[in-house]
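Heads up, coords.csv below (CSV, C-alpha atoms):
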chain,number,residue,atom,x,y,z
D,297,MET,CA,110.3,112.1,84.5
D,298,THR,CA,107.7,109.4,84.5
D,299,ASP,CA,105.8,108.9,81.3
D,300,SER,CA,102.3,110.4,81.6
D,301,LEU,CA,101.0,107.6,79.3
D,302,LEU,CA,102.2,105.1,81.8
D,303,THR,CA,100.4,106.7,84.7
D,304,GLU,CA,97.3,107.2,82.6
D,305,ALA,CA,97.2,103.5,81.6
D,306,VAL,CA,97.9,102.4,85.2
D,307,GLY,CA,95.2,104.6,86.5
D,308,GLU,CA,92.7,103.0,84.2
D,309,ILE,CA,93.7,99.5,85.4
D,310,PHE,CA,93.4,100.5,89.0
D,311,THR,CA,90.1,102.2,88.5
D,312,ALA,CA,88.7,99.0,87.0
D,313,VAL,CA,89.9,96.6,89.7
D,314,CYS,CA,89.5,98.9,92.8
D,315,THR,CA,85.7,99.2,93.0
D,316,ASP,CA,84.2,99.7,96.4
D,317,ASP,CA,82.8,96.1,96.3
D,318,ALA,CA,86.2,94.7,95.3
D,319,LEU,CA,88.0,96.5,98.1
D,320,ARG,CA,85.5,95.3,100.7
D,321,ALA,CA,85.8,91.7,99.4
D,322,ALA,CA,89.6,91.9,99.5
D,323,GLU,CA,89.5,93.1,103.1
D,324,ARG,CA,87.1,90.2,104.0
D,325,ASP,CA,89.1,87.5,102.2
D,326,GLY,CA,92.7,88.8,102.5
D,327,VAL,CA,93.3,88.1,98.8
D,328,ALA,CA,92.2,89.7,95.5
D,329,PRO,CA,93.0,87.3,92.7
D,330,GLN,CA,91.2,89.1,90.0
D,331,ALA,CA,92.9,92.3,90.8
D,332,TRP,CA,96.3,90.5,90.8
D,333,ALA,CA,95.6,89.0,87.4
D,334,ALA,CA,94.9,92.4,85.9
D,335,VAL,CA,97.9,94.1,87.5
D,336,ALA,CA,100.3,91.2,86.9
D,337,GLY,CA,99.2,90.9,83.3
D,338,ALA,CA,100.4,94.5,82.7
D,339,GLY,CA,103.8,93.7,84.3
D,340,LEU,CA,103.3,96.4,87.0
D,341,PRO,CA,104.7,94.5,90.0
D,342,TRP,CA,108.1,94.1,88.3
D,343,ILE,CA,108.3,97.5,86.5
D,344,SER,CA,111.6,98.5,88.3
D,345,VAL,CA,113.2,95.0,88.2
D,346,PRO,CA,116.1,94.6,85.7
D,347,GLU,CA,115.2,92.6,82.6
D,348,GLU,CA,118.1,90.2,83.2
D,349,ALA,CA,116.5,89.3,86.5
D,350,GLY,CA,113.1,88.7,85.0
D,351,GLY,CA,111.6,92.2,85.3
D,352,GLU,CA,110.4,95.0,83.0
D,353,GLY,CA,113.6,97.0,83.1
D,354,GLY,CA,112.1,100.3,84.2
D,355,ASP,CA,113.5,102.6,86.8
D,356,LEU,CA,112.5,103.1,90.5
D,357,ALA,CA,110.8,106.4,89.7
D,358,ASP,CA,108.3,104.6,87.4
D,359,ALA,CA,107.6,102.0,90.2
D,360,LEU,CA,107.1,104.8,92.8
D,361,ALA,CA,104.7,106.6,90.4
D,362,VAL,CA,102.7,103.4,90.1
D,363,LEU,CA,102.7,102.9,93.9
D,364,GLN,CA,101.4,106.4,94.4
D,365,LEU,CA,98.5,105.6,92.1
D,366,ALA,CA,98.0,102.3,94.0
D,367,GLY,CA,97.7,104.4,97.2
D,368,TYR,CA,95.2,106.7,95.5
D,369,HIS,CA,92.9,103.7,94.6
D,370,GLY,CA,93.6,101.6,97.8
D,371,LEU,CA,94.9,98.7,95.7
D,372,PRO,CA,94.7,95.6,97.9
D,373,LEU,CA,97.8,93.8,96.6
D,374,PRO,CA,101.5,93.3,97.5
D,375,LEU,CA,102.6,95.6,94.8
D,376,ALA,CA,105.4,97.3,96.8
D,377,GLU,CA,106.5,94.0,98.3
D,378,THR,CA,106.7,92.1,95.0
D,379,GLY,CA,108.8,94.5,93.0
D,380,VAL,CA,110.3,97.4,94.9
D,381,LEU,CA,111.3,95.2,97.9
D,382,ALA,CA,111.5,91.5,97.0
D,383,GLY,CA,112.5,92.2,93.4
D,384,TRP,CA,115.3,94.4,94.5
D,385,LEU,CA,116.6,91.9,97.1
D,386,LEU,CA,116.6,89.1,94.5
D,387,ALA,CA,118.1,91.1,91.6
D,388,ALA,CA,120.8,92.6,93.9
D,389,SER,CA,121.8,89.2,95.1
D,390,GLY,CA,121.9,87.5,91.6
D,391,LEU,CA,118.7,85.5,92.0
D,392,PRO,CA,115.9,85.3,89.4
D,393,VAL,CA,112.5,86.9,90.0
D,394,ALA,CA,109.4,84.7,89.7
D,395,ARG,CA,106.3,86.3,88.3
D,396,VAL,CA,104.1,85.5,91.3
D,397,PRO,CA,102.8,87.5,94.2
D,398,THR,CA,105.8,87.9,96.6
D,399,THR,CA,106.4,89.4,100.0
D,400,VAL,CA,109.5,90.0,102.1
D,401,ALA,CA,110.5,89.1,105.7
D,402,SER,CA,113.4,90.0,107.9
D,403,GLY,CA,114.1,90.5,111.6
D,404,PRO,CA,116.0,89.3,114.5
D,405,ASP,CA,113.8,86.2,115.0
D,406,VAL,CA,114.7,84.7,111.6
D,407,ARG,CA,118.0,82.7,111.6
D,408,TRP,CA,119.9,81.0,108.8
D,409,SER,CA,121.8,77.8,109.5
D,410,ASP,CA,123.0,74.8,107.4
D,411,GLY,CA,121.0,75.9,104.4
D,412,THR,CA,117.6,76.3,106.1
D,413,ALA,CA,115.8,79.0,108.0
D,414,ARG,CA,114.4,78.8,111.5
D,415,GLY,CA,112.3,81.1,113.6
D,416,GLN,CA,109.5,83.4,112.8
D,417,ALA,CA,108.9,86.6,110.9
D,418,ARG,CA,106.1,88.8,112.3
D,419,TYR,CA,103.9,91.4,110.6
D,420,VAL,CA,104.7,90.1,107.1
D,421,ALA,CA,102.7,92.2,104.6
D,422,TRP,CA,100.3,90.1,102.5
D,423,GLY,CA,101.8,86.8,103.8
D,424,ARG,CA,98.8,84.6,103.1
D,425,ALA,CA,98.2,86.3,99.7
D,426,ALA,CA,101.8,85.7,98.5
D,427,GLU,CA,103.1,82.6,96.8
D,428,GLN,CA,106.7,83.3,97.7
D,429,VAL,CA,108.5,85.1,100.5
D,430,VAL,CA,112.0,86.5,100.2
D,431,VAL,CA,113.9,86.4,103.5
D,432,LEU,CA,116.9,88.5,104.5
D,433,ALA,CA,118.5,86.6,107.3
D,434,PRO,CA,121.8,86.7,109.2
D,435,ALA,CA,124.2,83.9,108.8
D,436,THR,CA,127.6,83.1,110.3
D,437,ASP,CA,129.5,84.9,107.4
D,438,GLY,CA,127.1,87.7,106.6
D,439,LEU,CA,123.5,88.1,105.3
D,440,VAL,CA,121.6,85.6,103.1
D,441,VAL,CA,118.8,86.2,100.8
D,442,ALA,CA,116.5,83.2,100.4
D,443,VAL,CA,113.3,82.4,98.7
D,444,PHE,CA,110.6,80.2,100.2
D,445,ALA,CA,107.2,78.9,99.0
D,446,VAL,CA,104.6,80.3,101.5
D,447,ALA,CA,102.8,76.9,101.1
D,448,ASP,CA,105.8,75.3,102.9
D,449,LEU,CA,105.5,77.6,105.9
D,450,ARG,CA,103.1,77.8,108.8
D,451,VAL,CA,101.1,81.0,108.5
D,452,GLU,CA,99.4,82.7,111.4
D,453,GLN,CA,96.9,85.3,110.1
D,454,HIS,CA,96.7,88.8,111.4
D,455,VAL,CA,95.7,92.2,109.9
D,456,ASN,CA,96.6,95.8,110.3
D,457,VAL,CA,94.0,98.5,111.1
D,458,ALA,CA,93.2,98.8,107.4
D,459,GLY,CA,92.3,95.1,107.2
D,460,GLU,CA,95.4,94.3,105.1
D,461,PRO,CA,97.1,90.9,105.9
D,462,ARG,CA,100.1,91.3,108.2
D,463,ASP,CA,100.8,87.7,109.0
D,464,ALA,CA,103.3,85.7,111.1
D,465,LEU,CA,105.4,83.2,109.1
D,466,TYR,CA,107.0,80.2,110.9
D,467,PHE,CA,109.9,78.6,109.1
D,468,ASP,CA,110.6,75.6,111.3
D,469,GLY,CA,113.6,74.5,109.3
D,470,ALA,CA,112.0,74.9,105.9
D,471,ALA,CA,114.3,74.5,102.9
D,472,PRO,CA,114.5,77.4,100.4
D,473,LEU,CA,113.7,77.3,96.7
D,474,ALA,CA,116.9,79.3,96.2
D,475,SER,CA,119.4,81.3,98.2
D,476,ALA,CA,122.5,83.4,97.8
D,477,PRO,CA,124.7,85.8,99.8
D,478,ALA,CA,123.1,89.2,100.1
D,479,GLY,CA,124.4,91.5,97.3
D,480,PRO,CA,126.3,94.7,97.7
D,481,GLY,CA,124.4,97.4,99.6
D,482,VAL,CA,121.8,95.0,100.8
D,483,SER,CA,121.2,95.2,104.6
D,484,SER,CA,118.4,95.3,107.1
D,485,GLU,CA,118.7,99.1,107.2
D,486,THR,CA,118.6,99.6,103.4
D,487,LEU,CA,115.6,97.2,103.3
D,488,ARG,CA,113.8,99.2,106.0
D,489,ARG,CA,114.6,102.5,104.2
D,490,ARG,CA,113.3,101.2,100.9
D,491,GLY,CA,110.2,100.0,102.7
D,492,ALA,CA,109.7,103.5,104.1
D,493,LEU,CA,110.0,104.8,100.6
D,494,THR,CA,107.1,102.7,99.5
D,495,ARG,CA,104.9,103.7,102.4
D,496,ILE,CA,105.5,107.4,101.8
D,497,VAL,CA,104.4,107.3,98.2
D,498,LEU,CA,101.4,105.1,99.0
D,499,MET,CA,100.4,107.6,101.7
D,500,ALA,CA,100.8,110.5,99.2
D,501,GLY,CA,98.4,108.8,96.8
D,502,ALA,CA,95.8,108.0,99.5
D,503,ALA,CA,95.9,111.6,100.8
D,504,ASP,CA,95.3,112.9,97.2
D,505,ARG,CA,92.2,110.7,97.0
D,506,ILE,CA,91.0,111.8,100.5
D,507,ARG,CA,91.3,115.4,99.4
D,508,ASP,CA,89.3,114.7,96.2
D,509,ILE,CA,86.6,112.9,98.1
D,510,THR,CA,86.4,115.6,100.7
D,511,VAL,CA,86.2,118.4,98.2
D,512,ARG,CA,83.5,116.6,96.2
D,513,TYR,CA,81.4,115.7,99.3
D,514,THR,CA,81.5,119.2,100.8
D,515,GLY,CA,80.5,120.6,97.4
D,516,GLU,CA,77.5,118.2,97.0
D,517,ARG,CA,76.2,118.0,100.5
D,518,TYR,CA,73.6,120.7,101.2
D,519,GLN,CA,72.4,122.1,104.5
D,520,PHE,CA,70.3,125.2,105.0
D,521,GLY,CA,70.0,125.6,101.3
D,522,LYS,CA,73.7,125.7,100.4
D,523,PRO,CA,76.7,123.3,100.1
D,524,ILE,CA,78.4,122.7,103.5
D,525,GLY,CA,81.7,123.6,101.8
D,526,ARG,CA,80.6,127.2,102.0
D,527,PHE,CA,80.5,127.2,105.8
D,528,PRO,CA,83.7,128.7,107.2
D,529,GLY,CA,84.2,125.8,109.7
D,530,VAL,CA,83.9,123.2,107.0
D,531,GLN,CA,86.1,125.2,104.7
D,532,GLN,CA,88.9,125.1,107.3
D,533,HIS,CA,88.7,121.3,107.4
D,534,VAL,CA,88.9,121.2,103.6
D,535,VAL,CA,91.9,123.5,103.6
D,536,ASN,CA,93.6,121.4,106.2
D,537,VAL,CA,93.1,118.2,104.1
D,538,ALA,CA,94.4,120.0,101.0
D,539,GLN,CA,97.5,121.4,102.8
D,540,GLN,CA,98.5,118.0,104.3
D,541,ALA,CA,97.9,116.2,101.0
D,542,ALA,CA,100.4,118.8,99.5
D,543,MET,CA,102.8,118.0,102.3
D,544,LEU,CA,102.6,114.3,101.5
D,545,GLU,CA,103.1,115.0,97.8
D,546,MET,CA,106.3,117.0,98.6
D,547,ALA,CA,107.5,114.1,100.9
D,548,ALA,CA,106.9,111.7,98.0
D,549,ASP,CA,108.8,113.9,95.6
D,550,LEU,CA,111.7,114.2,98.1
D,551,VAL,CA,112.2,110.5,98.5
D,552,THR,CA,111.7,109.9,94.7
D,553,ALA,CA,114.6,112.3,94.1
D,554,ALA,CA,116.6,110.7,96.8
D,555,ALA,CA,116.2,107.3,95.2
D,556,ALA,CA,117.2,108.7,91.8
D,557,ALA,CA,120.4,110.2,93.2
D,558,ASP,CA,121.2,107.2,95.4
D,559,PRO,CA,119.3,104.0,94.2
D,560,GLY,CA,120.8,101.9,97.0
D,561,LEU,CA,119.8,104.4,99.7
D,562,THR,CA,123.1,103.8,101.5
D,563,GLY,CA,124.3,107.4,101.6
D,564,GLN,CA,123.9,109.8,104.5
D,565,ALA,CA,121.9,112.2,102.4
D,566,ALA,CA,119.4,109.5,101.4
D,567,THR,CA,119.1,108.4,105.0
D,568,PHE,CA,118.3,112.0,106.0
D,569,GLN,CA,115.8,112.5,103.3
D,570,VAL,CA,113.8,109.3,103.9
D,571,ALA,CA,113.7,109.9,107.7
D,572,ALA,CA,112.6,113.5,107.2
D,573,ALA,CA,109.9,112.5,104.7
D,574,LYS,CA,108.6,109.7,106.9
D,575,SER,CA,108.4,112.0,109.9
D,576,VAL,CA,106.6,114.7,107.9
D,577,ALA,CA,104.3,112.1,106.3
D,578,ALA,CA,103.2,110.7,109.7
D,579,ASP,CA,102.2,114.2,111.0
D,580,ALA,CA,100.5,115.1,107.7
D,581,ALA,CA,98.5,111.9,107.7
D,582,THR,CA,97.3,112.4,111.2
D,583,ILE,CA,96.1,116.0,110.5
D,584,ALA,CA,94.6,115.1,107.1
D,585,THR,CA,92.5,112.1,108.3
D,586,ALA,CA,91.1,114.0,111.3
D,587,ALA,CA,90.1,117.0,109.1
D,588,ALA,CA,88.5,114.8,106.5
D,589,HIS,CA,86.4,113.0,109.0
D,590,GLN,CA,85.4,116.3,110.6
D,591,ALA,CA,84.3,117.6,107.2
D,592,HIS,CA,82.3,114.4,106.5
D,593,GLY,CA,80.7,113.9,109.9
D,594,ALA,CA,78.9,110.6,110.4
D,595,MET,CA,79.0,109.8,106.7
D,596,GLY,CA,82.8,109.3,106.8
D,597,VAL,CA,82.6,106.2,109.1
D,598,THR,CA,79.8,104.4,107.3
D,599,GLN,CA,80.8,101.0,105.8
D,600,GLU,CA,79.4,101.9,102.4
D,601,TYR,CA,81.3,105.2,102.0
D,602,PRO,CA,84.9,104.9,100.8
D,603,LEU,CA,86.6,107.4,103.1
D,604,HIS,CA,87.4,104.9,105.8
D,605,ILE,CA,89.2,102.6,103.4
D,606,LEU,CA,91.7,105.3,102.7
D,607,THR,CA,92.0,106.8,106.2
D,608,ARG,CA,92.6,103.4,107.8
D,609,ARG,CA,95.4,102.8,105.2
D,610,LEU,CA,97.1,106.0,106.1
D,611,TRP,CA,96.9,105.1,109.8
D,612,ALA,CA,98.4,101.7,109.1
D,613,TRP,CA,101.2,102.8,106.7
D,614,THR,CA,102.2,105.6,109.1
D,615,ARG,CA,103.4,102.8,111.5
D,616,GLU,CA,105.2,100.6,108.9
D,617,TYR,CA,109.0,100.8,108.3
D,618,GLY,CA,109.4,103.4,111.0
D,619,THR,CA,106.9,105.4,112.9
D,620,GLY,CA,106.9,109.2,112.9
D,621,PRO,CA,108.7,109.4,116.2
D,622,GLN,CA,111.2,106.8,115.2
D,623,SER,CA,112.0,108.7,112.0
D,624,ALA,CA,112.3,111.9,114.0
D,625,ASP,CA,114.8,110.2,116.3
D,626,GLU,CA,116.8,108.9,113.3
D,627,LEU,CA,116.8,112.4,111.9
D,628,GLY,CA,118.0,113.8,115.1
D,629,ALA,CA,120.8,111.3,115.4
D,630,ILE,CA,122.1,112.1,111.9
D,631,VAL,CA,122.3,115.8,112.4
D,632,SER,CA,123.6,115.5,116.0
D,633,ALA,CA,126.5,113.2,114.7
D,634,ALA,CA,127.2,115.7,111.9
D,635,GLY,CA,127.7,118.6,114.4
D,636,ALA,CA,126.1,122.0,115.0
D,637,ASP,CA,127.8,123.6,112.0
D,638,ALA,CA,126.2,121.1,109.6
D,639,LEU,CA,122.6,121.5,110.8
D,640,TRP,CA,121.5,124.5,108.7
D,641,PRO,CA,123.3,123.4,105.5
D,642,ALA,CA,121.7,120.0,105.9
D,643,ILE,CA,118.2,121.5,106.3
D,644,ALA,CA,118.7,124.0,103.5
D,645,SER,CA,120.0,121.4,101.1
D,646,GLY,CA,117.5,118.7,102.0
D,647,GLY,CA,120.4,116.6,103.3
D,648,ALA,CA,122.6,116.9,100.2
D,649,THR,CA,125.5,118.3,102.2
D,650,LEU,CA,125.6,115.1,104.3
D,651,THR,CA,127.8,113.1,102.0
D,652,ARG,CA,129.4,110.8,104.5
D,653,PRO,CA,128.4,107.2,103.7
D,654,HIS,CA,125.9,105.7,106.1
D,655,PRO,CA,127.3,102.5,107.7
D,656,VAL,CA,125.6,99.3,106.2
D,657,SER,CA,124.5,96.9,108.8

I'd like the structure from this file rewritten - as structure tokens, please.
Amino acid sequence: MTDSLLTEAVGEIFTAVCTDDALRAAERDGVAPQAWAAVAGAGLPWISVPEEAGGEGGDLADALAVLQLAGYHGLPLPLAETGVLAGWLLAASGLPVARVPTTVASGPDVRWSDGTARGQARYVAWGRAAEQVVVLAPATDGLVVAVFAVADLRVEQHVNVAGEPRDALYFDGAAPLASAPAGPGVSSETLRRRGALTRIVLMAGAADRIRDITVRYTGERYQFGKPIGRFPGVQQHVVNVAQQAAMLEMAADLVTAAAAADPGLTGQAATFQVAAAKSVAADAATIATAAAHQAHGAMGVTQEYPLHILTRRLWAWTREYGTGPQSADELGAIVSAAGADALWPAIASGGATLTRPHPVS
């Protein structure tokens, strides 16, 4: 179980750096150097990276708890990318981790040949805000993990619906700072699954904050001499937000348990659990954000009010590392392949009965 002292200390750091003004500035500039300095100074991006690779030596559950708090506060940093994704790729492949903001890139348009990378990686999270990018690329004899300085690449700037950088990186034959064959269990599928893990816990944190904001607003906003939260129609919206926040919390708990049981996320049970959680999270986010904005009315879409910062993040994260329909398709393929007799045991056990290893691609 994650240490409550850790989450309390992390919450204080995030509260200090995630002011409304700071979040708006980060969205405008695409970077948040002061926030990074505070978070990096506490070692939070590398909490789950082994000490021998340059990390803090904590476990993945600690990192996911920190990410959930990051989602709650809308932290505008590549926290998930630096440690849980890039740090994992590097440590698993025997490469050291640099204590700098780092992101990850992979995909069919990145190719490895003669010690250099060519092609482009699209929709790279926090590309312009990172100093390094860790690339997972196919080579003639398998997969390669390579580290590049972002300054050596051509960056085409884009953003997601939340205003977070999602840039295109062009490699054009760039030489890496370091490279190695991908370690055991590293594949494009396990990277995608691990990315989905991060988005689910970020979404759970953001939904918790949306619930808190909605409850507070409907309790403080008066019409006709009483709080609007006492009107049945508004109460229904508040209940919907709370229910879906609880669903997202359960989804986060499910994937955290899956990662604890199978840190590599290569087993069929872990695949089932992550796909199920991402599908549920997508539906819950859609319902929660709609209900929250209904409860707030026009106030919820004003630039000065913080609700839109969180709802836009939920909309963006829902689409990253697998959309809801894609996750549902994956879930259906798993249970279909297992056969009709395996369906109910898989549902009842949360996928634990699906023990056949998932093929690593």

All residues 10 Å or closer to Ala548 (chain D), all atoms listed in the file, same chain fewer than 4 positions away omitted, as an NGL selection string
:D and (360-361 or 364 or 493-501 or 542-544 or 552-554 or 570 or 573-574 or 577)

Dump as a Markdown table the rows for residues of region 417-516 of chain D within 12 Å of region 610-619 of chain D: closest atom pair and distance in Å with one decimal, all atoms listed in the file counted, ordered by chain and rising residue number.
| residue | atom | partner | partner_atom | distance |
| --- | --- | --- | --- | --- |
| D:Tyr419 | CA | D:Glu616 | CA | 9.4 |
| D:Val420 | CA | D:Glu616 | CA | 10.7 |
| D:Ala421 | CA | D:Glu616 | CA | 9.8 |
| D:Val455 | CA | D:Ala612 | CA | 9.9 |
| D:Asn456 | CA | D:Ala612 | CA | 6.3 |
| D:Val457 | CA | D:Ala612 | CA | 5.8 |
| D:Ala458 | CA | D:Ala612 | CA | 6.2 |
| D:Gly459 | CA | D:Ala612 | CA | 9.2 |
| D:Glu460 | CA | D:Ala612 | CA | 8.9 |
| D:Pro461 | CA | D:Ala612 | CA | 11.3 |
| D:Arg462 | CA | D:Ala612 | CA | 10.6 |
| D:Ser484 | CA | D:Tyr617 | CA | 11.0 |
| D:Glu485 | CA | D:Tyr617 | CA | 9.9 |
| D:Thr486 | CA | D:Tyr617 | CA | 10.8 |
| D:Leu487 | CA | D:Tyr617 | CA | 9.0 |
| D:Arg488 | CA | D:Tyr617 | CA | 5.6 |
| D:Arg489 | CA | D:Tyr617 | CA | 7.1 |
| D:Arg490 | CA | D:Tyr617 | CA | 8.6 |
| D:Gly491 | CA | D:Tyr617 | CA | 5.8 |
| D:Ala492 | CA | D:Tyr617 | CA | 5.0 |
| D:Leu493 | CA | D:Tyr617 | CA | 8.7 |
| D:Thr494 | CA | D:Tyr617 | CA | 9.2 |
| D:Arg495 | CA | D:Trp613 | CA | 5.7 |
| D:Ile496 | CA | D:Trp613 | CA | 8.0 |
| D:Val497 | CA | D:Trp613 | CA | 10.1 |
| D:Leu498 | CA | D:Trp613 | CA | 8.0 |
| D:Met499 | CA | D:Leu610 | CA | 5.7 |
| D:Ala500 | CA | D:Leu610 | CA | 9.0 |
| D:Gly501 | CA | D:Leu610 | CA | 9.8 |
| D:Ala502 | CA | D:Leu610 | CA | 7.0 |
| D:Ala503 | CA | D:Leu610 | CA | 7.8 |
| D:Asp504 | CA | D:Leu610 | CA | 11.4 |
| D:Arg505 | CA | D:Leu610 | CA | 11.4 |
| D:Ile506 | CA | D:Leu610 | CA | 10.1 |

Report the distance between CA of Ala445 (chain D) and CA of Pro472 (chain D) in Å, rounded to one decimal place.
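Between CA of Ala445 (chain D) and CA of Pro472 (chain D) the gap is 7.6 Å.
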
Need to verify the contact set: Leu385 (chain D), 12 Å, only C-alpha atoms, exclusion of same-chain residues closer than 6 positions in sequence. Can you return it as a ChimeraX atom specification?
/D:345-346,349,377-379,391-393,398-402,429-433,439-443,475-484,486-488,490-491,560

What does the structure give for the distance between CA of Gly326 (chain D) and CA of His454 (chain D), in Å to one decimal?
9.8 Å

Using only C-alpha atoms, which of the listed residues (D:Tyr513, D:Tyr466, D:Trp342, D:Phe444) sits closest to Pro602 (chain D)?
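Checking each of D:Tyr513, D:Tyr466, D:Trp342, D:Phe444 against Pro602 (chain D), counting only C-alpha atoms, the winner is D:Tyr513.
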
Please check which residues have atoms at most 10 Å from (110.1, 112.9, 113.9) in the file's coordinates, counting only C-alpha atoms, and write them as an MDAnalysis selection string.
chainID D and resid 571:579 618:628

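Considering the residues D:Gly593, D:Gly339, D:Gly390, D:Gly370 and counting only C-alpha atoms, Ile524 (chain D) has its shortest atom-to-atom contact with D:Gly593.
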
Which of these, D:Ala417, D:Thr436, D:Val511, D:Ala338, has the shortest distance to Pro523 (chain D) once you count only C-alpha atoms?
D:Val511

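Take the candidates D:Thr562, D:Tyr518, D:Val335, D:Glu323 and check each one against Glu308 (chain D) using all atoms listed in the file; the shortest distance goes to D:Val335.
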
Between D:Pro559, D:Cys314, D:Gln453, D:Ile583, which residue has the minimum interatomic distance to Ala538 (chain D), considering only C-alpha atoms?
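The answer is D:Ile583, which sits nearest to Ala538 (chain D).
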